[in-house]
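**Q** One structure coming up, written as structure tokens, with questions to follow.
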Amino acid sequence: MSWKKLLIPASALPIIALLGYGLTRDPNKIESPLPGRAAFDFVSETLEGDTLGLADLNGKVVVLNFWASWCVACIEEHRYFIEAERYYADQDFQLLGVVYQDTPENARQWMRRRGGNWPSLIDPNARIAIDYGVYGVPETYFIDREGRIAFKQIGPVSRTLLKQLVDSLLVLPAGVELTGADAIPSGRSAGHVRGGVEDAAARVGSQP
Amino acid sequence: MRKLSFAGLALLGLVFLGMPTLAFASPPSAQEAGAVQEEELDPALEAQVRVLAAKLRCPTCRALSVLDSPSGMAQEMRGLIREQLRSGKTAAEVEAYFVERYGEWILLQPKAEGFNWTVWLLPVILLLGGLAFVFLTARRWVRQGQSAGAVIVEGGQERES
């Protein structure tokens, strides 16, 4: 076979390789530039009418969760947040919700129906969401005691991810399971999580 | 049957086009209020907003620009662009603000640097390669045709003599 006949398949190879590489990547897994950076400060009104800012939670591990009452995927992770709220009640830990593209009344009703005592902020004009580079809901940011973003989860958090990350940030010994009245097997949420637990733990571990 | 299938295709197309909007819908009242607000603004500023919004990817729709997307999030982003420009920020500063939060993913047109050069150069290389292939193949066919014609002519002359 002459080199001319080989030229066409040879020139197509890099393109096929490039397409093949593209097919192995999850288009929903978008690298965020925020982990490792200082969390952007904000002040807003909570659903209960109080004023709360990120600076008020200085020194605590903050789990900042963007959610909406119309978000189906938010229902499942909400159970884990309820468990975490109980489990870390005596720790420097704070759950903080931000209502994304929703009415305060719908959000209030949702919280009343599903439970949870942590504050949720109203986000007029989605300024907090844009500041945090939110693509959609649910999205959760794990902020360490120094106010740095340790990890960003796109999609719902699993119980395992939540516990591993919060424990790492609080520097708690691993091995104790999160428990709650409505506990569900942790494997159930694995299929919905974009970005694995190992990945998450590695990122937390790589923080300065 | 043909009409029915055409109507079905049109309906499917509408559903697909509407999907991103439905998936990340915001309350309609907020969108309508925003639309009215956008119309009442300074035309020069609006032109700048449109230029910048056309460069940015809508985070919820992904395939659409912030300018073209009807989603609530894109509307809020247009509002933020307008707010920042009005406060005296330059277009480059506003663009940098979004890149800082979303990464370069937010830019519909990737910057011509590093691996991104592939996106810019590959189409040109493919186009030039395609043109060269067509030119060389066409030239070979013409030559083959000419030589075949010469044989026929020669054959004809032989028969005449």
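In the structure tokens, chains take the letters A, B, ... in the order shown, each chain's residues start at 1, and ligands count up from 1 in the order shown.
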Hey, which bits of chain A sit within 9 Å of chain B, and for each residue what's the closest pair of atoms and how far apart in Å (one decimal), counting only C-alpha atoms, rows by chain and increasing number, as CSV?

**A**
residue,atom,partner,partner_atom,distance
A:Ile15,CA,B:Leu122,CA,8.9
A:Ile30,CA,B:Trp105,CA,7.8
A:Glu31,CA,B:Gly103,CA,7.6
A:Ser32,CA,B:Tyr102,CA,6.2
A:Pro33,CA,B:Gly103,CA,5.6
A:Leu34,CA,B:Arg101,CA,6.5
A:Gln101,CA,B:Ser26,CA,5.5
A:Asp102,CA,B:Ser26,CA,6.7
A:Thr103,CA,B:Pro27,CA,7.7
A:Asn125,CA,B:Glu76,CA,5.6
A:Ala126,CA,B:Glu76,CA,6.4
A:Arg127,CA,B:Leu80,CA,7.8
A:Ile130,CA,B:Met77,CA,7.5
A:Asp131,CA,B:Arg101,CA,6.4
A:Tyr132,CA,B:Arg101,CA,6.1
A:Gly133,CA,B:Arg101,CA,4.8
A:Val134,CA,B:Pro59,CA,7.5
A:Tyr135,CA,B:Pro59,CA,4.7
A:Gly136,CA,B:Thr60,CA,5.9
A:Val137,CA,B:Phe24,CA,8.8

**Q** May I have the selected residues written with N, CA and C atoms, as a PDB file, in the first residue's frame?

**A**
ATOM      1  N   ILE A  15      -8.418  12.981  14.712  1.00  0.00           N
ATOM      2  CA  ILE A  15      -9.780  13.494  14.892  1.00  0.00           C
ATOM      3  C   ILE A  15     -10.633  12.460  15.617  1.00  0.00           C
ATOM      4  N   ILE A  30     -18.332  19.874  35.185  1.00  0.00           N
ATOM      5  CA  ILE A  30     -17.617  21.080  34.783  1.00  0.00           C
ATOM      6  C   ILE A  30     -16.712  21.505  35.935  1.00  0.00           C
ATOM      7  N   GLU A  31     -15.438  21.662  35.629  1.00  0.00           N
ATOM      8  CA  GLU A  31     -14.484  22.071  36.662  1.00  0.00           C
ATOM      9  C   GLU A  31     -14.798  23.491  37.121  1.00  0.00           C
ATOM     10  N   SER A  32     -14.904  23.654  38.424  1.00  0.00           N
ATOM     11  CA  SER A  32     -15.156  24.986  38.965  1.00  0.00           C
ATOM     12  C   SER A  32     -13.828  25.609  39.391  1.00  0.00           C
ATOM     13  N   PRO A  33     -13.655  26.904  39.125  1.00  0.00           N
ATOM     14  CA  PRO A  33     -12.407  27.544  39.558  1.00  0.00           C
ATOM     15  C   PRO A  33     -12.447  27.948  41.034  1.00  0.00           C
ATOM     16  N   LEU A  34     -13.579  27.734  41.710  1.00  0.00           N
ATOM     17  CA  LEU A  34     -13.757  28.282  43.062  1.00  0.00           C
ATOM     18  C   LEU A  34     -13.083  27.510  44.200  1.00  0.00           C
ATOM     19  N   GLN A 101     -34.036  31.031  42.377  1.00  0.00           N
ATOM     20  CA  GLN A 101     -35.109  31.212  41.383  1.00  0.00           C
ATOM     21  C   GLN A 101     -36.438  30.643  41.891  1.00  0.00           C
ATOM     22  N   ASP A 102     -36.840  31.104  43.039  1.00  0.00           N
ATOM     23  CA  ASP A 102     -38.060  30.588  43.660  1.00  0.00           C
ATOM     24  C   ASP A 102     -38.706  31.707  44.473  1.00  0.00           C
ATOM     25  N   THR A 103     -39.961  31.550  44.815  1.00  0.00           N
ATOM     26  CA  THR A 103     -40.620  32.562  45.640  1.00  0.00           C
ATOM     27  C   THR A 103     -40.396  32.214  47.110  1.00  0.00           C
ATOM     28  N   ASN A 125     -32.573  38.668  42.572  1.00  0.00           N
ATOM     29  CA  ASN A 125     -31.793  38.836  41.334  1.00  0.00           C
ATOM     30  C   ASN A 125     -30.649  37.825  41.198  1.00  0.00           C
ATOM     31  N   ALA A 126     -30.715  36.745  41.962  1.00  0.00           N
ATOM     32  CA  ALA A 126     -29.733  35.637  41.869  1.00  0.00           C
ATOM     33  C   ALA A 126     -28.290  36.115  42.018  1.00  0.00           C
ATOM     34  N   ARG A 127     -28.051  37.195  42.760  1.00  0.00           N
ATOM     35  CA  ARG A 127     -26.691  37.742  42.886  1.00  0.00           C
ATOM     36  C   ARG A 127     -25.763  36.770  43.622  1.00  0.00           C
ATOM     37  N   ILE A 130     -24.982  33.823  41.217  1.00  0.00           N
ATOM     38  CA  ILE A 130     -24.026  34.177  40.155  1.00  0.00           C
ATOM     39  C   ILE A 130     -22.632  34.336  40.757  1.00  0.00           C
ATOM     40  N   ASP A 131     -22.566  34.952  41.953  1.00  0.00           N
ATOM     41  CA  ASP A 131     -21.278  35.121  42.633  1.00  0.00           C
ATOM     42  C   ASP A 131     -20.598  33.773  42.879  1.00  0.00           C
ATOM     43  N   TYR A 132     -21.404  32.752  43.110  1.00  0.00           N
ATOM     44  CA  TYR A 132     -20.847  31.418  43.386  1.00  0.00           C
ATOM     45  C   TYR A 132     -20.808  30.536  42.137  1.00  0.00           C
ATOM     46  N   GLY A 133     -21.073  31.112  40.996  1.00  0.00           N
ATOM     47  CA  GLY A 133     -20.971  30.349  39.749  1.00  0.00           C
ATOM     48  C   GLY A 133     -21.916  29.160  39.699  1.00  0.00           C
ATOM     49  N   VAL A 134     -23.158  29.393  40.113  1.00  0.00           N
ATOM     50  CA  VAL A 134     -24.136  28.296  40.153  1.00  0.00           C
ATOM     51  C   VAL A 134     -24.677  28.034  38.741  1.00  0.00           C
ATOM     52  N   TYR A 135     -24.754  26.750  38.359  1.00  0.00           N
ATOM     53  CA  TYR A 135     -25.296  26.347  37.049  1.00  0.00           C
ATOM     54  C   TYR A 135     -26.778  26.019  37.147  1.00  0.00           C
ATOM     55  N   GLY A 136     -27.149  25.419  38.266  1.00  0.00           N
ATOM     56  CA  GLY A 136     -28.530  25.005  38.486  1.00  0.00           C
ATOM     57  C   GLY A 136     -28.611  24.477  39.902  1.00  0.00           C
ATOM     58  N   VAL A 137     -29.717  23.889  40.259  1.00  0.00           N
ATOM     59  CA  VAL A 137     -29.821  23.336  41.618  1.00  0.00           C
ATOM     60  C   VAL A 137     -30.106  21.832  41.562  1.00  0.00           C
TER      61      VAL A 137
END

**Q** Find the residues near segment 96-98 of chain A: any atom within 9 Å, counting only C-alpha atoms, skip ones fewer than 5 places away on the same chain, and give them as a ChimeraX atom specification.

**A** /A:46,62-68,118-123,128-129

**Q** Just write the chosen residues, N, CA and C atoms, as a tab-separated table (two decimals), in the first residue's frame.

**A**
chain	number	residue	atom	x	y	z
A	46	THR	N	-33.24	36.15	55.53
A	46	THR	CA	-33.62	34.74	55.60
A	46	THR	C	-35.13	34.60	55.36
A	62	VAL	N	-19.10	25.73	57.03
A	62	VAL	CA	-20.42	26.08	56.47
A	62	VAL	C	-20.71	25.21	55.24
A	63	VAL	N	-21.88	24.61	55.23
A	63	VAL	CA	-22.35	23.90	54.05
A	63	VAL	C	-23.41	24.78	53.41
A	64	LEU	N	-23.02	25.40	52.30
A	64	LEU	CA	-23.88	26.37	51.62
A	64	LEU	C	-24.60	25.65	50.48
A	65	ASN	N	-25.90	25.53	50.63
A	65	ASN	CA	-26.68	24.73	49.68
A	65	ASN	C	-27.66	25.61	48.89
A	66	PHE	N	-27.54	25.57	47.57
A	66	PHE	CA	-28.48	26.28	46.70
A	66	PHE	C	-29.60	25.31	46.34
A	67	TRP	N	-30.83	25.72	46.58
A	67	TRP	CA	-31.96	24.82	46.38
A	67	TRP	C	-33.20	25.59	45.93
A	68	ALA	N	-34.22	24.86	45.55
A	68	ALA	CA	-35.50	25.46	45.17
A	68	ALA	C	-36.62	24.47	45.46
A	118	TRP	N	-32.31	24.93	59.79
A	118	TRP	CA	-31.25	25.83	59.36
A	118	TRP	C	-31.84	26.99	58.54
A	119	PRO	N	-31.13	28.12	58.54
A	119	PRO	CA	-31.65	29.28	57.79
A	119	PRO	C	-31.45	29.14	56.28
A	120	SER	N	-32.37	29.71	55.55
A	120	SER	CA	-32.22	29.79	54.09
A	120	SER	C	-32.39	31.24	53.67
A	121	LEU	N	-31.49	31.69	52.83
A	121	LEU	CA	-31.52	33.09	52.40
A	121	LEU	C	-32.29	33.26	51.11
A	122	ILE	N	-32.97	34.38	51.05
A	122	ILE	CA	-33.63	34.76	49.79
A	122	ILE	C	-32.54	35.42	48.94
A	123	ASP	N	-32.54	35.13	47.64
A	123	ASP	CA	-31.47	35.64	46.77
A	123	ASP	C	-32.07	36.49	45.65
A	128	ILE	N	-26.26	36.12	44.67
A	128	ILE	CA	-25.41	35.17	45.41
A	128	ILE	C	-25.11	33.98	44.49
A	129	ALA	N	-26.13	33.51	43.79
A	129	ALA	CA	-25.96	32.35	42.89
A	129	ALA	C	-24.92	32.65	41.81

**Q** List every residue of segment 95-176 of chain A that DSSP, applied to the backbone, labels as helix (DSSP H, G or I), and write the result as a PyMOL selection string.

**A** chain A and resi 104-114+124-131+159-170

**Q** Put those residues in a file: N, CA and C atoms, as a PDB file, in the first residue's frame.

**A**
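See out_23.pdb below for the written result:
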ATOM      1  N   PRO A 104     -40.235  33.205  47.979  1.00  0.00           N
ATOM      2  CA  PRO A 104     -40.032  32.919  49.402  1.00  0.00           C
ATOM      3  C   PRO A 104     -41.170  32.078  49.988  1.00  0.00           C
ATOM      4  N   GLU A 105     -42.393  32.338  49.535  1.00  0.00           N
ATOM      5  CA  GLU A 105     -43.537  31.608  50.092  1.00  0.00           C
ATOM      6  C   GLU A 105     -43.450  30.109  49.759  1.00  0.00           C
ATOM      7  N   ASN A 106     -43.126  29.790  48.516  1.00  0.00           N
ATOM      8  CA  ASN A 106     -42.972  28.380  48.132  1.00  0.00           C
ATOM      9  C   ASN A 106     -41.840  27.722  48.924  1.00  0.00           C
ATOM     10  N   ALA A 107     -40.752  28.475  49.114  1.00  0.00           N
ATOM     11  CA  ALA A 107     -39.595  27.943  49.856  1.00  0.00           C
ATOM     12  C   ALA A 107     -39.973  27.701  51.324  1.00  0.00           C
ATOM     13  N   ARG A 108     -40.700  28.647  51.908  1.00  0.00           N
ATOM     14  CA  ARG A 108     -41.129  28.484  53.315  1.00  0.00           C
ATOM     15  C   ARG A 108     -41.991  27.228  53.461  1.00  0.00           C
ATOM     16  N   GLN A 109     -42.950  27.080  52.559  1.00  0.00           N
ATOM     17  CA  GLN A 109     -43.852  25.914  52.606  1.00  0.00           C
ATOM     18  C   GLN A 109     -43.060  24.623  52.508  1.00  0.00           C
ATOM     19  N   TRP A 110     -42.080  24.619  51.619  1.00  0.00           N
ATOM     20  CA  TRP A 110     -41.247  23.426  51.375  1.00  0.00           C
ATOM     21  C   TRP A 110     -40.485  23.052  52.642  1.00  0.00           C
ATOM     22  N   MET A 111     -39.900  24.043  53.306  1.00  0.00           N
ATOM     23  CA  MET A 111     -39.137  23.800  54.538  1.00  0.00           C
ATOM     24  C   MET A 111     -40.055  23.322  55.657  1.00  0.00           C
ATOM     25  N   ARG A 112     -41.247  23.913  55.717  1.00  0.00           N
ATOM     26  CA  ARG A 112     -42.211  23.486  56.759  1.00  0.00           C
ATOM     27  C   ARG A 112     -42.598  22.024  56.540  1.00  0.00           C
ATOM     28  N   ARG A 113     -42.826  21.663  55.293  1.00  0.00           N
ATOM     29  CA  ARG A 113     -43.283  20.308  54.958  1.00  0.00           C
ATOM     30  C   ARG A 113     -42.161  19.282  55.169  1.00  0.00           C
ATOM     31  N   ARG A 114     -40.931  19.652  54.821  1.00  0.00           N
ATOM     32  CA  ARG A 114     -39.845  18.653  54.845  1.00  0.00           C
ATOM     33  C   ARG A 114     -38.974  18.716  56.085  1.00  0.00           C
ATOM     34  N   PRO A 124     -32.378  37.750  45.980  1.00  0.00           N
ATOM     35  CA  PRO A 124     -33.004  38.585  44.949  1.00  0.00           C
ATOM     36  C   PRO A 124     -32.049  38.791  43.770  1.00  0.00           C
ATOM     37  N   ASN A 125     -32.573  38.668  42.572  1.00  0.00           N
ATOM     38  CA  ASN A 125     -31.793  38.836  41.334  1.00  0.00           C
ATOM     39  C   ASN A 125     -30.649  37.825  41.198  1.00  0.00           C
ATOM     40  N   ALA A 126     -30.715  36.745  41.962  1.00  0.00           N
ATOM     41  CA  ALA A 126     -29.733  35.637  41.869  1.00  0.00           C
ATOM     42  C   ALA A 126     -28.290  36.115  42.018  1.00  0.00           C
ATOM     43  N   ARG A 127     -28.051  37.195  42.760  1.00  0.00           N
ATOM     44  CA  ARG A 127     -26.691  37.742  42.886  1.00  0.00           C
ATOM     45  C   ARG A 127     -25.763  36.770  43.622  1.00  0.00           C
ATOM     46  N   ILE A 128     -26.262  36.119  44.674  1.00  0.00           N
ATOM     47  CA  ILE A 128     -25.408  35.171  45.406  1.00  0.00           C
ATOM     48  C   ILE A 128     -25.106  33.978  44.487  1.00  0.00           C
ATOM     49  N   ALA A 129     -26.127  33.506  43.788  1.00  0.00           N
ATOM     50  CA  ALA A 129     -25.957  32.348  42.891  1.00  0.00           C
ATOM     51  C   ALA A 129     -24.917  32.645  41.814  1.00  0.00           C
ATOM     52  N   ILE A 130     -24.982  33.823  41.217  1.00  0.00           N
ATOM     53  CA  ILE A 130     -24.026  34.177  40.155  1.00  0.00           C
ATOM     54  C   ILE A 130     -22.632  34.336  40.757  1.00  0.00           C
ATOM     55  N   ASP A 131     -22.566  34.952  41.953  1.00  0.00           N
ATOM     56  CA  ASP A 131     -21.278  35.121  42.633  1.00  0.00           C
ATOM     57  C   ASP A 131     -20.598  33.773  42.879  1.00  0.00           C
ATOM     58  N   ARG A 159     -25.090  11.003  51.439  1.00  0.00           N
ATOM     59  CA  ARG A 159     -24.795  10.986  52.872  1.00  0.00           C
ATOM     60  C   ARG A 159     -23.287  10.812  53.112  1.00  0.00           C
ATOM     61  N   THR A 160     -22.682   9.899  52.341  1.00  0.00           N
ATOM     62  CA  THR A 160     -21.255   9.604  52.497  1.00  0.00           C
ATOM     63  C   THR A 160     -20.400  10.833  52.197  1.00  0.00           C
ATOM     64  N   LEU A 161     -20.717  11.482  51.077  1.00  0.00           N
ATOM     65  CA  LEU A 161     -19.961  12.676  50.685  1.00  0.00           C
ATOM     66  C   LEU A 161     -20.067  13.752  51.760  1.00  0.00           C
ATOM     67  N   LEU A 162     -21.282  13.975  52.224  1.00  0.00           N
ATOM     68  CA  LEU A 162     -21.537  15.006  53.226  1.00  0.00           C
ATOM     69  C   LEU A 162     -20.714  14.741  54.484  1.00  0.00           C
ATOM     70  N   LYS A 163     -20.766  13.494  54.942  1.00  0.00           N
ATOM     71  CA  LYS A 163     -20.067  13.152  56.193  1.00  0.00           C
ATOM     72  C   LYS A 163     -18.546  13.245  56.023  1.00  0.00           C
ATOM     73  N   GLN A 164     -18.072  12.689  54.925  1.00  0.00           N
ATOM     74  CA  GLN A 164     -16.615  12.710  54.704  1.00  0.00           C
ATOM     75  C   GLN A 164     -16.073  14.126  54.652  1.00  0.00           C
ATOM     76  N   LEU A 165     -16.771  14.975  53.918  1.00  0.00           N
ATOM     77  CA  LEU A 165     -16.285  16.349  53.755  1.00  0.00           C
ATOM     78  C   LEU A 165     -16.380  17.138  55.046  1.00  0.00           C
ATOM     79  N   VAL A 166     -17.531  17.045  55.723  1.00  0.00           N
ATOM     80  CA  VAL A 166     -17.702  17.829  56.956  1.00  0.00           C
ATOM     81  C   VAL A 166     -16.732  17.340  58.024  1.00  0.00           C
ATOM     82  N   ASP A 167     -16.586  16.018  58.146  1.00  0.00           N
ATOM     83  CA  ASP A 167     -15.627  15.465  59.119  1.00  0.00           C
ATOM     84  C   ASP A 167     -14.213  15.966  58.829  1.00  0.00           C
ATOM     85  N   SER A 168     -13.846  15.942  57.540  1.00  0.00           N
ATOM     86  CA  SER A 168     -12.497  16.398  57.176  1.00  0.00           C
ATOM     87  C   SER A 168     -12.303  17.861  57.551  1.00  0.00           C
ATOM     88  N   LEU A 169     -13.324  18.660  57.316  1.00  0.00           N
ATOM     89  CA  LEU A 169     -13.199  20.088  57.585  1.00  0.00           C
ATOM     90  C   LEU A 169     -13.255  20.397  59.085  1.00  0.00           C
ATOM     91  N   LEU A 170     -13.996  19.560  59.824  1.00  0.00           N
ATOM     92  CA  LEU A 170     -14.053  19.748  61.283  1.00  0.00           C
ATOM     93  C   LEU A 170     -12.886  19.040  61.974  1.00  0.00           C
TER      94      LEU A 170
END

**Q** Would you please extract all strand (DSSP E) residues from segment 24-183 of chain A, as assigned by DSSP on the backbone, and give them as a PyMOL selection string?

**A** chain A and resi 43-45+51-53+61-67+93-99+120-122+139-143+149-154

**Q** Just want the 9 Å neighbourhood of segment 107-116 of chain B, counted on only C-alpha atoms, with same-chain residues fewer than 3 positions away dropped. Output as a list in words.

**A**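 Contacts, with the query itself left out: Ala54, Lys55, Leu56, Arg57, Ala63, Leu64, Ser65, Glu95, Phe98, Val99, Gly103, Glu104, Val119, Trp120 and Leu121 of chain B.
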
**Q** Find the spatial neighbours of Ile82 of chain A, counting only C-alpha atoms, within a cut-off of 7 Å - ignore same-chain residues fewer than 4 positions away - and output them as a list in words.

**A**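 Returned residues: His78, Arg86 and Gly116 of chain A.
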
**Q** Convert the current residue selection to file output with C-alpha atoms, as a PDB file, in the first residue's frame.

**A**
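Writing the result to out32.pdb gives the following:
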ATOM      1  CA  HIS A  78     -32.575  17.372  52.158  1.00  0.00           C
ATOM      2  CA  ARG A  86     -28.700  16.736  64.275  1.00  0.00           C
ATOM      3  CA  GLY A 116     -34.974  21.330  59.010  1.00  0.00           C
TER       4      GLY A 116
END
